[in-house]
$ cat work-v4.cif   # mmCIF, C-alpha atoms; chains and numbers go by the auth columns
data_work
#
loop_
_atom_site.group_PDB
_atom_site.id
_atom_site.type_symbol
_atom_site.label_atom_id
_atom_site.label_comp_id
_atom_site.label_asym_id
_atom_site.label_seq_id
_atom_site.Cartn_x
_atom_site.Cartn_y
_atom_site.Cartn_z
_atom_site.B_iso_or_equiv
_atom_site.auth_seq_id
_atom_site.auth_asym_id
ATOM 1 C CA PRO A 1 6.473 42.072 7.623 0.00 1 A
ATOM 2 C CA ASP A 2 6.637 38.292 7.696 0.00 2 A
ATOM 3 C CA LYS A 3 9.046 36.655 5.328 0.00 3 A
ATOM 4 C CA PRO A 4 7.457 34.170 2.995 0.00 4 A
ATOM 5 C CA GLN A 5 8.229 30.699 4.171 0.00 5 A
ATOM 6 C CA GLN A 6 10.180 28.462 1.879 0.00 6 A
ATOM 7 C CA LYS A 7 8.358 25.402 0.764 0.00 7 A
ATOM 8 C CA ALA A 8 9.913 22.329 2.255 0.00 8 A
ATOM 9 C CA ASP A 9 10.666 19.515 -0.117 0.00 9 A
ATOM 10 C CA ILE A 10 8.035 17.214 1.319 0.00 10 A
ATOM 11 C CA GLN A 11 7.294 13.917 -0.322 0.00 11 A
ATOM 12 C CA PRO A 12 3.643 12.956 -0.292 0.00 12 A
ATOM 13 C CA ALA A 13 2.811 10.189 2.142 0.00 13 A
ATOM 14 C CA ARG A 14 2.660 6.855 0.450 0.00 14 A
ATOM 15 C CA SER A 15 -0.964 5.884 0.353 0.00 15 A
ATOM 16 C CA VAL A 16 -1.734 2.346 1.318 0.00 16 A
ATOM 17 C CA GLU A 17 -3.811 0.741 -1.369 0.00 17 A
ATOM 18 C CA VAL A 18 -5.331 -2.398 0.068 0.00 18 A
ATOM 19 C CA PRO A 19 -7.663 -4.594 -1.967 0.00 19 A
ATOM 20 C CA ALA A 20 -11.219 -4.131 -0.740 0.00 20 A
ATOM 21 C CA SER A 21 -12.103 -7.682 0.021 0.00 21 A
ATOM 22 C CA ASN A 22 -11.158 -11.286 0.106 0.00 22 A
ATOM 23 C CA SER A 23 -12.745 -14.224 1.899 0.00 23 A
ATOM 24 C CA LEU A 24 -10.776 -13.802 5.097 0.00 24 A
ATOM 25 C CA PRO A 25 -12.594 -12.561 8.195 0.00 25 A
ATOM 26 C CA ALA A 26 -11.897 -8.956 9.215 0.00 26 A
ATOM 27 C CA GLU A 27 -9.435 -9.929 11.954 0.00 27 A
ATOM 28 C CA LEU A 28 -7.195 -11.651 9.380 0.00 28 A
ATOM 29 C CA ARG A 29 -7.242 -8.787 6.873 0.00 29 A
ATOM 30 C CA TYR A 30 -4.491 -6.234 6.500 0.00 30 A
ATOM 31 C CA THR A 31 -4.000 -3.701 9.236 0.00 31 A
ATOM 32 C CA GLU A 32 -1.299 -1.136 9.915 0.00 32 A
ATOM 33 C CA LEU A 33 0.781 -2.062 12.926 0.00 33 A
ATOM 34 C CA ASN A 34 3.728 -0.914 14.968 0.00 34 A
ATOM 35 C CA GLU A 35 6.503 -2.122 12.685 0.00 35 A
ATOM 36 C CA SER A 36 9.304 -1.228 15.077 0.00 36 A
ATOM 37 C CA ARG A 37 7.664 -3.493 17.683 0.00 37 A
ATOM 38 C CA LEU A 38 7.251 -6.237 15.067 0.00 38 A
ATOM 39 C CA LYS A 39 10.927 -6.011 14.110 0.00 39 A
ATOM 40 C CA GLN A 40 11.846 -6.051 17.799 0.00 40 A
ATOM 41 C CA TYR A 41 9.732 -9.206 18.271 0.00 41 A
ATOM 42 C CA LEU A 42 11.475 -10.863 15.319 0.00 42 A
ATOM 43 C CA HIS A 43 14.919 -9.784 16.578 0.00 43 A
ATOM 44 C CA ASN A 44 14.038 -11.296 19.973 0.00 44 A
ATOM 45 C CA LYS A 45 13.480 -14.575 18.106 0.00 45 A
ATOM 46 C CA SER A 46 16.852 -14.112 16.322 0.00 46 A
ATOM 47 C CA SER A 47 14.822 -14.114 13.127 0.00 47 A
ATOM 48 C CA LEU A 48 16.454 -13.542 9.774 0.00 48 A
ATOM 49 C CA LEU A 49 12.993 -12.397 8.624 0.00 49 A
ATOM 50 C CA ALA A 50 13.514 -9.080 10.430 0.00 50 A
ATOM 51 C CA GLU A 51 16.145 -8.304 7.782 0.00 51 A
ATOM 52 C CA GLN A 52 15.908 -7.313 4.128 0.00 52 A
ATOM 53 C CA PRO A 53 14.696 -8.497 1.676 0.00 53 A
ATOM 54 C CA TYR A 54 12.596 -10.891 3.781 0.00 54 A
ATOM 55 C CA TYR A 55 10.767 -8.393 5.969 0.00 55 A
ATOM 56 C CA ASP A 56 9.689 -6.092 3.134 0.00 56 A
ATOM 57 C CA ALA A 57 8.640 -8.991 0.898 0.00 57 A
ATOM 58 C CA ILE A 58 6.269 -10.322 3.562 0.00 58 A
ATOM 59 C CA MET A 59 4.927 -6.886 4.508 0.00 59 A
ATOM 60 C CA SER A 60 4.350 -5.901 0.857 0.00 60 A
ATOM 61 C CA ALA A 61 2.529 -9.144 0.071 0.00 61 A
ATOM 62 C CA ALA A 62 0.343 -8.680 3.153 0.00 62 A
ATOM 63 C CA ARG A 63 -0.571 -5.120 2.133 0.00 63 A
ATOM 64 C CA GLU A 64 -1.122 -5.930 -1.547 0.00 64 A
ATOM 65 C CA ASN A 65 -3.368 -8.913 -0.775 0.00 65 A
ATOM 66 C CA ASN A 66 -5.240 -7.596 2.272 0.00 66 A
ATOM 67 C CA ILE A 67 -3.863 -10.214 4.668 0.00 67 A
ATOM 68 C CA HIS A 68 -2.861 -9.435 8.247 0.00 68 A
ATOM 69 C CA PRO A 69 0.951 -9.319 8.251 0.00 69 A
ATOM 70 C CA LEU A 70 1.078 -11.126 11.578 0.00 70 A
ATOM 71 C CA LEU A 71 -0.769 -14.082 10.054 0.00 71 A
ATOM 72 C CA LEU A 72 2.012 -14.447 7.500 0.00 72 A
ATOM 73 C CA PHE A 73 4.745 -14.062 10.102 0.00 73 A
ATOM 74 C CA ALA A 74 2.928 -16.471 12.444 0.00 74 A
ATOM 75 C CA ILE A 75 2.943 -19.088 9.675 0.00 75 A
ATOM 76 C CA THR A 76 6.719 -18.663 9.374 0.00 76 A
ATOM 77 C CA GLY A 77 6.933 -19.047 13.150 0.00 77 A
ATOM 78 C CA GLN A 78 4.994 -22.299 13.025 0.00 78 A
ATOM 79 C CA GLU A 79 6.777 -23.637 9.952 0.00 79 A
ATOM 80 C CA GLN A 80 10.369 -22.525 10.626 0.00 80 A
ATOM 81 C CA ALA A 81 10.572 -20.922 14.095 0.00 81 A
ATOM 82 C CA PHE A 82 10.889 -17.534 12.305 0.00 82 A
ATOM 83 C CA VAL A 83 14.149 -18.727 10.641 0.00 83 A
ATOM 84 C CA PRO A 84 16.724 -18.233 13.388 0.00 84 A
ATOM 85 C CA THR A 85 19.920 -16.589 12.185 0.00 85 A
ATOM 86 C CA THR A 86 21.852 -19.262 14.097 0.00 86 A
ATOM 87 C CA HIS A 87 20.688 -22.030 11.753 0.00 87 A
ATOM 88 C CA LYS A 88 23.501 -22.899 9.354 0.00 88 A
ATOM 89 C CA GLN A 89 21.040 -22.920 6.421 0.00 89 A
ATOM 90 C CA ALA A 90 19.118 -19.792 7.522 0.00 90 A
ATOM 91 C CA LYS A 91 19.539 -17.931 4.220 0.00 91 A
ATOM 92 C CA LYS A 92 18.165 -20.885 2.249 0.00 92 A
ATOM 93 C CA ILE A 93 15.299 -21.455 4.698 0.00 93 A
ATOM 94 C CA ALA A 94 14.420 -17.744 4.561 0.00 94 A
ATOM 95 C CA ASN A 95 13.757 -18.079 0.828 0.00 95 A
ATOM 96 C CA ASN A 96 10.771 -20.305 1.674 0.00 96 A
ATOM 97 C CA PRO A 97 9.894 -19.882 5.373 0.00 97 A
ATOM 98 C CA PHE A 98 6.290 -20.857 4.563 0.00 98 A
ATOM 99 C CA ASN A 99 7.367 -24.317 3.353 0.00 99 A
ATOM 100 C CA VAL A 100 5.329 -23.923 0.168 0.00 100 A
ATOM 101 C CA PHE A 101 5.485 -27.005 -2.052 0.00 101 A
ATOM 102 C CA TYR A 102 6.290 -29.145 1.024 0.00 102 A
ATOM 103 C CA SER A 103 9.527 -27.621 2.263 0.00 103 A
ATOM 104 C CA TRP A 104 12.332 -25.163 1.718 0.00 104 A
ATOM 105 C CA GLN A 105 14.577 -28.108 0.784 0.00 105 A
ATOM 106 C CA ASP A 106 12.208 -29.329 -1.946 0.00 106 A
ATOM 107 C CA TYR A 107 11.355 -25.872 -3.236 0.00 107 A
ATOM 108 C CA ASN A 108 14.006 -23.235 -2.795 0.00 108 A
ATOM 109 C CA THR A 109 13.116 -20.019 -4.530 0.00 109 A
ATOM 110 C CA THR A 110 13.061 -16.354 -3.513 0.00 110 A
ATOM 111 C CA ILE A 111 11.260 -14.860 -0.546 0.00 111 A
ATOM 112 C CA GLU A 112 9.073 -12.890 -2.972 0.00 112 A
ATOM 113 C CA GLN A 113 7.972 -16.046 -4.809 0.00 113 A
ATOM 114 C CA SER A 114 7.374 -18.184 -1.732 0.00 114 A
ATOM 115 C CA THR A 115 5.406 -15.371 -0.077 0.00 115 A
ATOM 116 C CA ALA A 116 3.290 -14.906 -3.211 0.00 116 A
ATOM 117 C CA ILE A 117 2.553 -18.644 -3.332 0.00 117 A
ATOM 118 C CA ALA A 118 1.664 -18.744 0.382 0.00 118 A
ATOM 119 C CA VAL A 119 -0.653 -15.741 -0.041 0.00 119 A
ATOM 120 C CA ARG A 120 -2.370 -17.204 -3.117 0.00 120 A
ATOM 121 C CA THR A 121 -2.806 -20.516 -1.297 0.00 121 A
ATOM 122 C CA ILE A 122 -4.336 -18.852 1.774 0.00 122 A
ATOM 123 C CA LEU A 123 -6.723 -16.792 -0.370 0.00 123 A
ATOM 124 C CA ARG A 124 -7.708 -19.754 -2.571 0.00 124 A
ATOM 125 C CA ILE A 125 -8.408 -22.062 0.384 0.00 125 A
ATOM 126 C CA SER A 126 -10.366 -19.319 2.169 0.00 126 A
ATOM 127 C CA LYS A 127 -12.805 -18.730 -0.705 0.00 127 A
ATOM 128 C CA ASP A 128 -15.090 -21.648 0.155 0.00 128 A
ATOM 129 C CA ARG A 129 -14.913 -21.377 3.958 0.00 129 A
ATOM 130 C CA PRO A 130 -18.319 -21.738 5.594 0.00 130 A
ATOM 131 C CA GLU A 131 -19.063 -18.671 7.689 0.00 131 A
ATOM 132 C CA LYS A 132 -19.136 -20.603 10.977 0.00 132 A
ATOM 133 C CA GLU A 133 -15.764 -22.278 10.398 0.00 133 A
ATOM 134 C CA ASP A 134 -12.653 -20.792 11.993 0.00 134 A
ATOM 135 C CA ALA A 135 -10.528 -19.354 9.178 0.00 135 A
ATOM 136 C CA ILE A 136 -7.128 -20.594 10.366 0.00 136 A
ATOM 137 C CA THR A 137 -8.492 -24.086 11.070 0.00 137 A
ATOM 138 C CA TRP A 138 -10.081 -24.061 7.602 0.00 138 A
ATOM 139 C CA ILE A 139 -6.762 -23.078 5.990 0.00 139 A
ATOM 140 C CA ASN A 140 -5.056 -25.899 7.954 0.00 140 A
ATOM 141 C CA ARG A 141 -7.106 -28.521 6.061 0.00 141 A
ATOM 142 C CA GLU A 142 -4.996 -27.979 2.977 0.00 142 A
ATOM 143 C CA TYR A 143 -2.012 -25.869 3.985 0.00 143 A
ATOM 144 C CA ALA A 144 -0.422 -28.309 6.423 0.00 144 A
ATOM 145 C CA GLU A 145 -0.527 -32.030 7.121 0.00 145 A
ATOM 146 C CA ASP A 146 -0.264 -31.478 10.876 0.00 146 A
ATOM 147 C CA PRO A 147 -3.824 -31.190 12.234 0.00 147 A
ATOM 148 C CA ASN A 148 -2.501 -28.987 15.069 0.00 148 A
ATOM 149 C CA TRP A 149 -0.856 -26.500 12.689 0.00 149 A
ATOM 150 C CA SER A 150 -3.746 -24.055 13.093 0.00 150 A
ATOM 151 C CA LYS A 151 -3.422 -24.114 16.882 0.00 151 A
ATOM 152 C CA GLY A 152 0.255 -23.216 16.604 0.00 152 A
ATOM 153 C CA VAL A 153 -0.342 -20.454 14.051 0.00 153 A
ATOM 154 C CA ARG A 154 -3.179 -18.976 16.130 0.00 154 A
ATOM 155 C CA SER A 155 -1.143 -19.087 19.348 0.00 155 A
ATOM 156 C CA ILE A 156 1.885 -17.455 17.702 0.00 156 A
ATOM 157 C CA MET A 157 -0.266 -14.787 16.068 0.00 157 A
ATOM 158 C CA GLN A 158 -1.973 -13.967 19.373 0.00 158 A
ATOM 159 C CA ALA A 159 1.408 -13.671 21.128 0.00 159 A
ATOM 160 C CA MET A 160 2.655 -11.399 18.346 0.00 160 A
ATOM 161 C CA ILE A 161 -0.453 -9.207 18.543 0.00 161 A
ATOM 162 C CA ARG A 162 0.005 -8.825 22.305 0.00 162 A
ATOM 163 C CA TYR A 163 3.666 -7.850 21.857 0.00 163 A
ATOM 164 C CA VAL A 164 3.286 -5.574 18.836 0.00 164 A
ATOM 165 C CA GLU A 165 0.271 -3.704 20.211 0.00 165 A
ATOM 166 C CA ILE A 166 1.652 -3.291 23.730 0.00 166 A
ATOM 167 C CA ASP A 167 1.893 0.486 23.468 0.00 167 A
ATOM 168 C CA HIS A 168 -1.199 1.231 21.386 0.00 168 A
#
$ encode --input "work-v4.cif" --output "structure tokens"
Amino acid sequence: PDKPQQKADIQPARSVEVPASNSLPAELRYTELNESRLKQYLHNKSSLLAEQPYYDAIMSAARENNIHPLLLFAITGQEQAFVPTTHKQAKKIANNPFNVFYSWQDYNTTIEQSTAIAVRTILRISKDRPEKEDAITWINREYAEDPNWSKGVRSIMQAMIRYVEIDH
């Protein structure tokens, strides 16, 4: 007779609760992605954001607010070149890699707070976007003074998508 199998101590999979909607287009809403490839991409950029607590703070905010994580990381790429570990002020810059409230020098907080502010800003600006307007260009109107900011963010995000999804 077969022996009864012991029950393994299996933890239930963590369900991903993502808010149903926001004003972002579908391609800028949260999606699961190959996180090992994302971390590899960030490591290739010598990014402090691949480390804790920075990585998890950005990923959690993306999930909780239904924003594509690569959009948030692309903004940090545009604003602070992903915070290279070689920069002598990297740990301070990594507290506000989104340059919320003008810059990391003017507003130095925690990664959790700066990410929350960046997310709220993106969602607030996106609410009144006309359907035919490009979402990243629309966000640029208020998020950054540089009129080419959206081009940089879009280009970085596209490069990240190509790298992260290479083996999908």
$ residues_around --input "work-v4.cif" --residues "Gln89 in chain A" --least-positions-apart "3" --cutoff "12 Å" --atoms "all atoms listed in the file" --output "PDB file with C-alpha atoms, in the frame of the given file"
ATOM      1  CA  LEU A  48      16.454 -13.542   9.774  1.00  0.00           C
ATOM      2  CA  GLN A  80      10.369 -22.525  10.626  1.00  0.00           C
ATOM      3  CA  VAL A  83      14.149 -18.727  10.641  1.00  0.00           C
ATOM      4  CA  PRO A  84      16.724 -18.233  13.388  1.00  0.00           C
ATOM      5  CA  THR A  85      19.920 -16.589  12.185  1.00  0.00           C
ATOM      6  CA  THR A  86      21.852 -19.262  14.097  1.00  0.00           C
ATOM      7  CA  LYS A  92      18.165 -20.885   2.249  1.00  0.00           C
ATOM      8  CA  ILE A  93      15.299 -21.455   4.698  1.00  0.00           C
ATOM      9  CA  ALA A  94      14.420 -17.744   4.561  1.00  0.00           C
ATOM     10  CA  ASN A  95      13.757 -18.079   0.828  1.00  0.00           C
ATOM     11  CA  ASN A  96      10.771 -20.305   1.674  1.00  0.00           C
ATOM     12  CA  PRO A  97       9.894 -19.882   5.373  1.00  0.00           C
ATOM     13  CA  TRP A 104      12.332 -25.163   1.718  1.00  0.00           C
ATOM     14  CA  GLN A 105      14.577 -28.108   0.784  1.00  0.00           C
ATOM     15  CA  ASN A 108      14.006 -23.235  -2.795  1.00  0.00           C
TER      16      ASN A 108
END
$ residues_around --input "work-v4.cif" --residues "range 30-46 of chain A" --least-positions-apart "4" --cutoff "12 Å" --atoms "all atoms listed in the file" --output "PyMOL selection string"
chain A and resi 15-22+24-26+50-52+54-56+58-74+76-77+80-87+90+156-157+159-168
$ write_last_selection --input "work-v4.cif" --atoms "C-alpha atoms" --output "short mmCIF file (atom, residue, chain, number, x, y, z; two decimals), in the frame of the given file"
data_model
loop_
_atom_site.label_atom_id
_atom_site.label_comp_id
_atom_site.auth_asym_id
_atom_site.auth_seq_id
_atom_site.Cartn_x
_atom_site.Cartn_y
_atom_site.Cartn_z
CA SER A 15 -0.96 5.88 0.35
CA VAL A 16 -1.73 2.35 1.32
CA GLU A 17 -3.81 0.74 -1.37
CA VAL A 18 -5.33 -2.40 0.07
CA PRO A 19 -7.66 -4.59 -1.97
CA ALA A 20 -11.22 -4.13 -0.74
CA SER A 21 -12.10 -7.68 0.02
CA ASN A 22 -11.16 -11.29 0.11
CA LEU A 24 -10.78 -13.80 5.10
CA PRO A 25 -12.59 -12.56 8.20
CA ALA A 26 -11.90 -8.96 9.22
CA ALA A 50 13.51 -9.08 10.43
CA GLU A 51 16.14 -8.30 7.78
CA GLN A 52 15.91 -7.31 4.13
CA TYR A 54 12.60 -10.89 3.78
CA TYR A 55 10.77 -8.39 5.97
CA ASP A 56 9.69 -6.09 3.13
CA ILE A 58 6.27 -10.32 3.56
CA MET A 59 4.93 -6.89 4.51
CA SER A 60 4.35 -5.90 0.86
CA ALA A 61 2.53 -9.14 0.07
CA ALA A 62 0.34 -8.68 3.15
CA ARG A 63 -0.57 -5.12 2.13
CA GLU A 64 -1.12 -5.93 -1.55
CA ASN A 65 -3.37 -8.91 -0.78
CA ASN A 66 -5.24 -7.60 2.27
CA ILE A 67 -3.86 -10.21 4.67
CA HIS A 68 -2.86 -9.44 8.25
CA PRO A 69 0.95 -9.32 8.25
CA LEU A 70 1.08 -11.13 11.58
CA LEU A 71 -0.77 -14.08 10.05
CA LEU A 72 2.01 -14.45 7.50
CA PHE A 73 4.74 -14.06 10.10
CA ALA A 74 2.93 -16.47 12.44
CA THR A 76 6.72 -18.66 9.37
CA GLY A 77 6.93 -19.05 13.15
CA GLN A 80 10.37 -22.52 10.63
CA ALA A 81 10.57 -20.92 14.10
CA PHE A 82 10.89 -17.53 12.30
CA VAL A 83 14.15 -18.73 10.64
CA PRO A 84 16.72 -18.23 13.39
CA THR A 85 19.92 -16.59 12.18
CA THR A 86 21.85 -19.26 14.10
CA HIS A 87 20.69 -22.03 11.75
CA ALA A 90 19.12 -19.79 7.52
CA ILE A 156 1.88 -17.45 17.70
CA MET A 157 -0.27 -14.79 16.07
CA ALA A 159 1.41 -13.67 21.13
CA MET A 160 2.66 -11.40 18.35
CA ILE A 161 -0.45 -9.21 18.54
CA ARG A 162 0.00 -8.82 22.30
CA TYR A 163 3.67 -7.85 21.86
CA VAL A 164 3.29 -5.57 18.84
CA GLU A 165 0.27 -3.70 20.21
CA ILE A 166 1.65 -3.29 23.73
CA ASP A 167 1.89 0.49 23.47
CA HIS A 168 -1.20 1.23 21.39
#
$ closest_residue --input "work-v4.cif" --among "A:Ser47, A:Ile139, A:Ala144, A:Ser155" --to "Asn99 in chain A" --atoms "all atoms listed in the file"
A:Ala144
$ atom_distance --input "work-v4.cif" --atom1 "CA of Arg154 in chain A" --atom2 "CA of Ala57 in chain A"
21.7 Å
$ closest_residue --input "work-v4.cif" --among "A:Glu79, A:Arg124, A:Asn140, A:Ser23" --to "Ser103 in chain A" --atoms "all atoms listed in the file"
A:Glu79
$ closest_residue --input "work-v4.cif" --among "A:Asp146, A:Arg29, A:Lys151, A:Phe98" --to "Asp134 in chain A" --atoms "all atoms listed in the file"
A:Lys151
$ atom_distance --input "work-v4.cif" --atom1 "CA of Asn148 in chain A" --atom2 "CA of Ile75 in chain A"
12.5 Å
$ atom_distance --input "work-v4.cif" --atom1 "CA of Ile117 in chain A" --atom2 "CA of Glu131 in chain A"
24.3 Å
$ closest_residue --input "work-v4.cif" --among "A:Ser114, A:Lys127, A:Gln78, A:Pro53" --to "Trp149 in chain A" --atoms "all atoms listed in the file"
A:Gln78
$ axis_aligned_box --input "work-v4.cif" --around "range 109-118 of chain A" --padding-each-side "8 Å" --output "JSON"
{"center_x": 7.4, "center_y": -16.5, "center_z": -2.2, "size_x": 27.5, "size_y": 23.1, "size_z": 21.2}
$ residues_around --input "work-v4.cif" --residues "Glu142 in chain A" --least-positions-apart "4" --cutoff "10 Å" --atoms "all atoms listed in the file" --output "list in words"
Thr121, Ile122, Ile125, Thr137, Trp138, Asp146 and Pro147 of chain A
$ closest_residue --input "work-v4.cif" --among "A:Lys91, A:Asp128, A:Val153, A:Ala135" --to "Thr110 in chain A" --atoms "only C-alpha atoms"
A:Lys91
$ closest_residue --input "work-v4.cif" --among "A:Ile111, A:Glu27, A:Tyr102, A:Lys88" --to "Glu145 in chain A" --atoms "all atoms listed in the file"
A:Tyr102
